[in-house]
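Enquirer: Please read through the structure below; I'll follow up with questions.
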Amino acid sequence: MRTLPRRLGVAIIVAAIVAILSVKLNAFRDYQIAEIAVYVTAVAGLTVLTGFSGQISLGNGAFMAIGAYATALLIIHLGWPFYVVLIASAAITAVAGAVVGIAAARLRGPYLAGATLLLGVALPSIAFVYPGTFGADQGLNVVFSAPAFLGVNFPLTRWQAWVSTAVALVVLVLLANLERSRIGRNWRAVRDDDVAAALDGINVAAARVRAFVVSATSAGVAGALLAVVTGLVAPGAFTITLSIALLTAAVIGGLGSLAGALWGSLVIVLVPTYVTDVATSHGLSSSVGSNIPIAAYGVILILVMILFPQGIQGGLLRLISAFVGPDQKSRTRRTAPTPHVTPSADQPPASQHEKEGTS
């Protein structure tokens, strides 16, 4: 908790920078800022699940769908304010995450990945089973507007960018403090060696379920933000491609750090737009241009794995330490005194000069 004021300060500075940028940039860039914030929220939750607790998930897109549909239904049928809808959607997704987490607590590795993959594929298809409620492939329209006190001419995309960024920063601060808490230490212990963690008195199953709940809640919040940013909730937005993109972003950014969620989100949001523009400017057909972002993802992922095995964030930390040297914690760990070892019976006792370290 001692670092909470510092994290809040960083969050406020980032919020101010985003607000200034949104004023200077056009509506499309504001939309991209909002989209990046949505992905940061979802990828940060996946970082908790995979990076901190060691559980592989290919179905976090399904939790985003739960949050998005909950948001759409609450706004359409109840007309609640968005901040109330956001809390309710997060709670609904947390319950879903607890159910899935309890069911998957005993699964490991590819079995867990396969179970979450099935969830990511099957859940969005519920919209076709109940078209009267979920709108089938047409989806549900979400009405979201800027507050009246901002004026009638205030751009909606700018307000969406502000709201999405604010929510993403709150989620990051909460997750960062949770990482440093006892719960976060338990997650890392379970990730490193679940048998040793159990012998140390940690409830391994409970720790894994908590990680699922936190990850699902973050994904649900991201889904709620996506609903108000795009204005439409449809099953086509929550295919398995979304879940794979989230995992790819977490790996590219760095699974061991929440800051990596930002770098990974920047890649998966900005790279498709950039390479598509390049393909269009070079006269490539639309069918060819649509496949270039996938190839770009693969190239970037390969380069990151070769150059920065710990992701972009890990590579940045290595570069910084190469220029400024290791931090104080690293120096302290290296210069820690060695433990005292009692000499064996056949070893003569040390002299007074040797005890004092003098010749």
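Labeling convention for the structure tokens: chains A, B, ... as they appear, residues from 1 per chain, ligands from 1 in order of appearance.
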What's around Ile300 (chain A) at 12 Å? Count only C-alpha atoms, leave out sequence neighbours fewer than 2 positions away in its own chain, and write the answer as a list of chain:residue names.
Expert: A:Thr248, A:Ala249, A:Val251, A:Ile252, A:Gly253, A:Gly264, A:Val267, A:Ile268, A:Val271, A:Pro272, A:Pro293, A:Ile294, A:Ala295, A:Ala296, A:Tyr297, A:Gly298, A:Ile302, A:Leu303, A:Val304, A:Met305, A:Ile306, A:Leu307, A:Phe308, A:Gly311, A:Ile312
Enquirer: Do a neighbour search on Gly236 (chain A) at 9 Å with only C-alpha atoms, toss out local chain neighbours closer than 3 positions, and write the hits as a count of residues only.
Expert: 5
Enquirer: Report as a tab-separated table the residues of region 178-218 of chain A within 8 Å of region 80-97 of chain A, each with its shortest atom pair and distance in Å (one decimal), using only C-alpha atoms, ordered by chain and increasing residue number.
Expert:
```
residue	atom	partner	partner_atom	distance
A:Phe212	CA	A:Gly97	CA	5.6
A:Val213	CA	A:Gly97	CA	4.6
A:Val214	CA	A:Ala94	CA	7.1
A:Ser215	CA	A:Gly97	CA	7.7
A:Ala216	CA	A:Gly97	CA	5.1
A:Thr217	CA	A:Ala94	CA	4.8
A:Ser218	CA	A:Ala90	CA	7.4
```
Enquirer: Could you state the separation of CA of Tyr274 (chain A) and CA of Phe28 (chain A) in Å, given to one decimal place?
Expert: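 Those two atoms sit 13.3 Å apart.
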Enquirer: Can you tell me, as a PDB file with all heavy atoms, in the first residue's frame, what residues are no more than 10 Å from Thr133 (chain A) when counting only C-alpha atoms, ignoring any on the same chain fewer than 6 positions away?
Expert:
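Writing the result to result_27.pdb gives the following:
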```
ATOM      1  N   TYR A  69     -22.822  -7.967 -23.387  1.00  0.00           N
ATOM      2  CA  TYR A  69     -24.255  -8.226 -23.476  1.00  0.00           C
ATOM      3  C   TYR A  69     -24.983  -7.782 -22.205  1.00  0.00           C
ATOM      4  O   TYR A  69     -26.122  -7.285 -22.270  1.00  0.00           O
ATOM      5  CB  TYR A  69     -24.510  -9.710 -23.740  1.00  0.00           C
ATOM      6  CG  TYR A  69     -24.476 -10.065 -25.203  1.00  0.00           C
ATOM      7  CD1 TYR A  69     -23.363 -10.680 -25.769  1.00  0.00           C
ATOM      8  CD2 TYR A  69     -25.560  -9.784 -26.031  1.00  0.00           C
ATOM      9  CE1 TYR A  69     -23.328 -11.001 -27.113  1.00  0.00           C
ATOM     10  CE2 TYR A  69     -25.540 -10.104 -27.378  1.00  0.00           C
ATOM     11  CZ  TYR A  69     -24.414 -10.706 -27.923  1.00  0.00           C
ATOM     12  OH  TYR A  69     -24.386 -11.017 -29.260  1.00  0.00           O
ATOM     13  N   LEU A  73     -28.039  -5.107 -22.370  1.00  0.00           N
ATOM     14  CA  LEU A  73     -29.370  -5.425 -21.850  1.00  0.00           C
ATOM     15  C   LEU A  73     -29.776  -4.487 -20.717  1.00  0.00           C
ATOM     16  O   LEU A  73     -30.937  -4.061 -20.632  1.00  0.00           O
ATOM     17  CB  LEU A  73     -29.395  -6.877 -21.371  1.00  0.00           C
ATOM     18  CG  LEU A  73     -29.268  -7.943 -22.476  1.00  0.00           C
ATOM     19  CD1 LEU A  73     -29.128  -9.331 -21.869  1.00  0.00           C
ATOM     20  CD2 LEU A  73     -30.467  -7.893 -23.420  1.00  0.00           C
ATOM     21  N   ILE A 126     -24.781 -18.544 -28.173  1.00  0.00           N
ATOM     22  CA  ILE A 126     -26.042 -18.457 -27.438  1.00  0.00           C
ATOM     23  C   ILE A 126     -26.921 -17.355 -28.014  1.00  0.00           C
ATOM     24  O   ILE A 126     -28.163 -17.427 -27.949  1.00  0.00           O
ATOM     25  CB  ILE A 126     -25.772 -18.221 -25.943  1.00  0.00           C
ATOM     26  CG1 ILE A 126     -25.042 -19.436 -25.348  1.00  0.00           C
ATOM     27  CG2 ILE A 126     -27.054 -17.968 -25.169  1.00  0.00           C
ATOM     28  CD1 ILE A 126     -24.696 -19.278 -23.890  1.00  0.00           C
ATOM     29  N   ALA A 127     -26.291 -16.341 -28.611  1.00  0.00           N
ATOM     30  CA  ALA A 127     -27.066 -15.248 -29.214  1.00  0.00           C
ATOM     31  C   ALA A 127     -27.964 -15.752 -30.329  1.00  0.00           C
ATOM     32  O   ALA A 127     -29.029 -15.166 -30.589  1.00  0.00           O
ATOM     33  CB  ALA A 127     -26.113 -14.175 -29.740  1.00  0.00           C
ATOM     34  N   GLY A 139     -27.293  -8.397 -33.468  1.00  0.00           N
ATOM     35  CA  GLY A 139     -26.798  -7.836 -32.228  1.00  0.00           C
ATOM     36  C   GLY A 139     -27.751  -6.845 -31.582  1.00  0.00           C
ATOM     37  O   GLY A 139     -28.915  -6.700 -31.984  1.00  0.00           O
ATOM     38  N   LEU A 140     -27.238  -6.151 -30.579  1.00  0.00           N
ATOM     39  CA  LEU A 140     -27.999  -5.153 -29.824  1.00  0.00           C
ATOM     40  C   LEU A 140     -27.319  -3.798 -29.956  1.00  0.00           C
ATOM     41  O   LEU A 140     -26.094  -3.683 -29.837  1.00  0.00           O
ATOM     42  CB  LEU A 140     -28.061  -5.546 -28.342  1.00  0.00           C
ATOM     43  CG  LEU A 140     -28.693  -6.908 -28.022  1.00  0.00           C
ATOM     44  CD1 LEU A 140     -28.555  -7.206 -26.531  1.00  0.00           C
ATOM     45  CD2 LEU A 140     -30.160  -6.942 -28.433  1.00  0.00           C
TER      46      LEU A 140
END
```
Enquirer: As a PyMOL selection string, list the residues of region 46-188 of chain A assigned to alpha helix (DSSP H) by DSSP on the backbone atoms of this structure.
Expert: chain A and resi 46+60-77+82-104+109-122+126-129+131-134+156-179+182-188
Enquirer: Mind giving me the straight-line distance from CA of Ile102 (chain A) to CA of Val204 (chain A) in Å, one decimal?
Expert: 11.6 Å
Enquirer: In Å, how far is it from CA of Leu119 (chain A) to CA of Asn60 (chain A)?
Expert: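 Between CA of Leu119 (chain A) and CA of Asn60 (chain A) the gap is 8.7 Å.
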Enquirer: DSSP on the backbone, then: every residue of region 120-293 of chain A marked strand (DSSP E), written as a PyMOL selection string.
Expert: chain A and resi 140-141+232-233
Enquirer: Suppose we keep N, CA, C and O atoms; can you now write the selection as a PDB file, in the first residue's frame?
Expert:
```pdb
ATOM      1  N   LEU A 140     -27.238  -6.151 -30.579  1.00  0.00           N
ATOM      2  CA  LEU A 140     -27.999  -5.153 -29.824  1.00  0.00           C
ATOM      3  C   LEU A 140     -27.319  -3.798 -29.956  1.00  0.00           C
ATOM      4  O   LEU A 140     -26.094  -3.683 -29.837  1.00  0.00           O
ATOM      5  N   ASN A 141     -28.121  -2.772 -30.198  1.00  0.00           N
ATOM      6  CA  ASN A 141     -27.600  -1.414 -30.289  1.00  0.00           C
ATOM      7  C   ASN A 141     -27.521  -0.790 -28.906  1.00  0.00           C
ATOM      8  O   ASN A 141     -28.461  -0.896 -28.103  1.00  0.00           O
ATOM      9  N   LEU A 232     -22.508  -1.306 -30.614  1.00  0.00           N
ATOM     10  CA  LEU A 232     -23.176  -2.516 -31.090  1.00  0.00           C
ATOM     11  C   LEU A 232     -22.552  -3.726 -30.408  1.00  0.00           C
ATOM     12  O   LEU A 232     -21.325  -3.831 -30.317  1.00  0.00           O
ATOM     13  N   VAL A 233     -23.407  -4.631 -29.934  1.00  0.00           N
ATOM     14  CA  VAL A 233     -22.943  -5.883 -29.331  1.00  0.00           C
ATOM     15  C   VAL A 233     -23.494  -7.018 -30.176  1.00  0.00           C
ATOM     16  O   VAL A 233     -24.707  -7.253 -30.218  1.00  0.00           O
TER      17      VAL A 233
END
```
Enquirer: Pick out the closest residue to Ser164 (chain A) from this set: A:Gly114, A:Gly223, A:Gly201, A:Gly79. Count only C-alpha atoms.
Expert: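 The shortest atom-to-atom distance to Ser164 (chain A) comes from A:Gly223.
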Enquirer: Could you tell me which of A:Ala65, A:Ala250, A:Ala176, A:Leu74 comes closest to Thr50 (chain A) if we count only C-alpha atoms?
Expert: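 Looking at the shortest contact to Thr50 (chain A), the residue is A:Ala250.
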Enquirer: Which residue, A:Phe128, A:Trp159, A:Phe154, A:Phe134, has the smallest gap to Ala68 (chain A) when you use only C-alpha atoms?
Expert: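 Using only C-alpha atoms, Ala68 (chain A) sits closest to A:Phe134.
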Enquirer: Smallest atom-to-atom distance to Thr157 (chain A): which of A:Val190, A:Ala206, A:Val229, A:Leu242, using only C-alpha atoms?
Expert: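 Among the listed residues, A:Val229 lies closest to Thr157 (chain A).
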Enquirer: Using only C-alpha atoms, determine which residues lie at most 9 Å from Gly51 (chain A), disregarding the query and same-chain residues fewer than 3 positions distant; provide the list as a list of chain:residue names.
Expert: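 Here the answer would be A:Leu46, A:Thr47, A:Val48, A:Gly54, A:Gln55, A:Ile56, A:Arg188, A:Arg191, A:Ala250, A:Val251, A:Gly254, A:Leu255, A:Gly256, A:Ser257.
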Enquirer: Counting only C-alpha atoms, which of A:Ala37, A:Leu316, A:Val129, A:Val170 gets nearest to Val10 (chain A)?
Expert: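 The answer is A:Val170, which sits nearest to Val10 (chain A).
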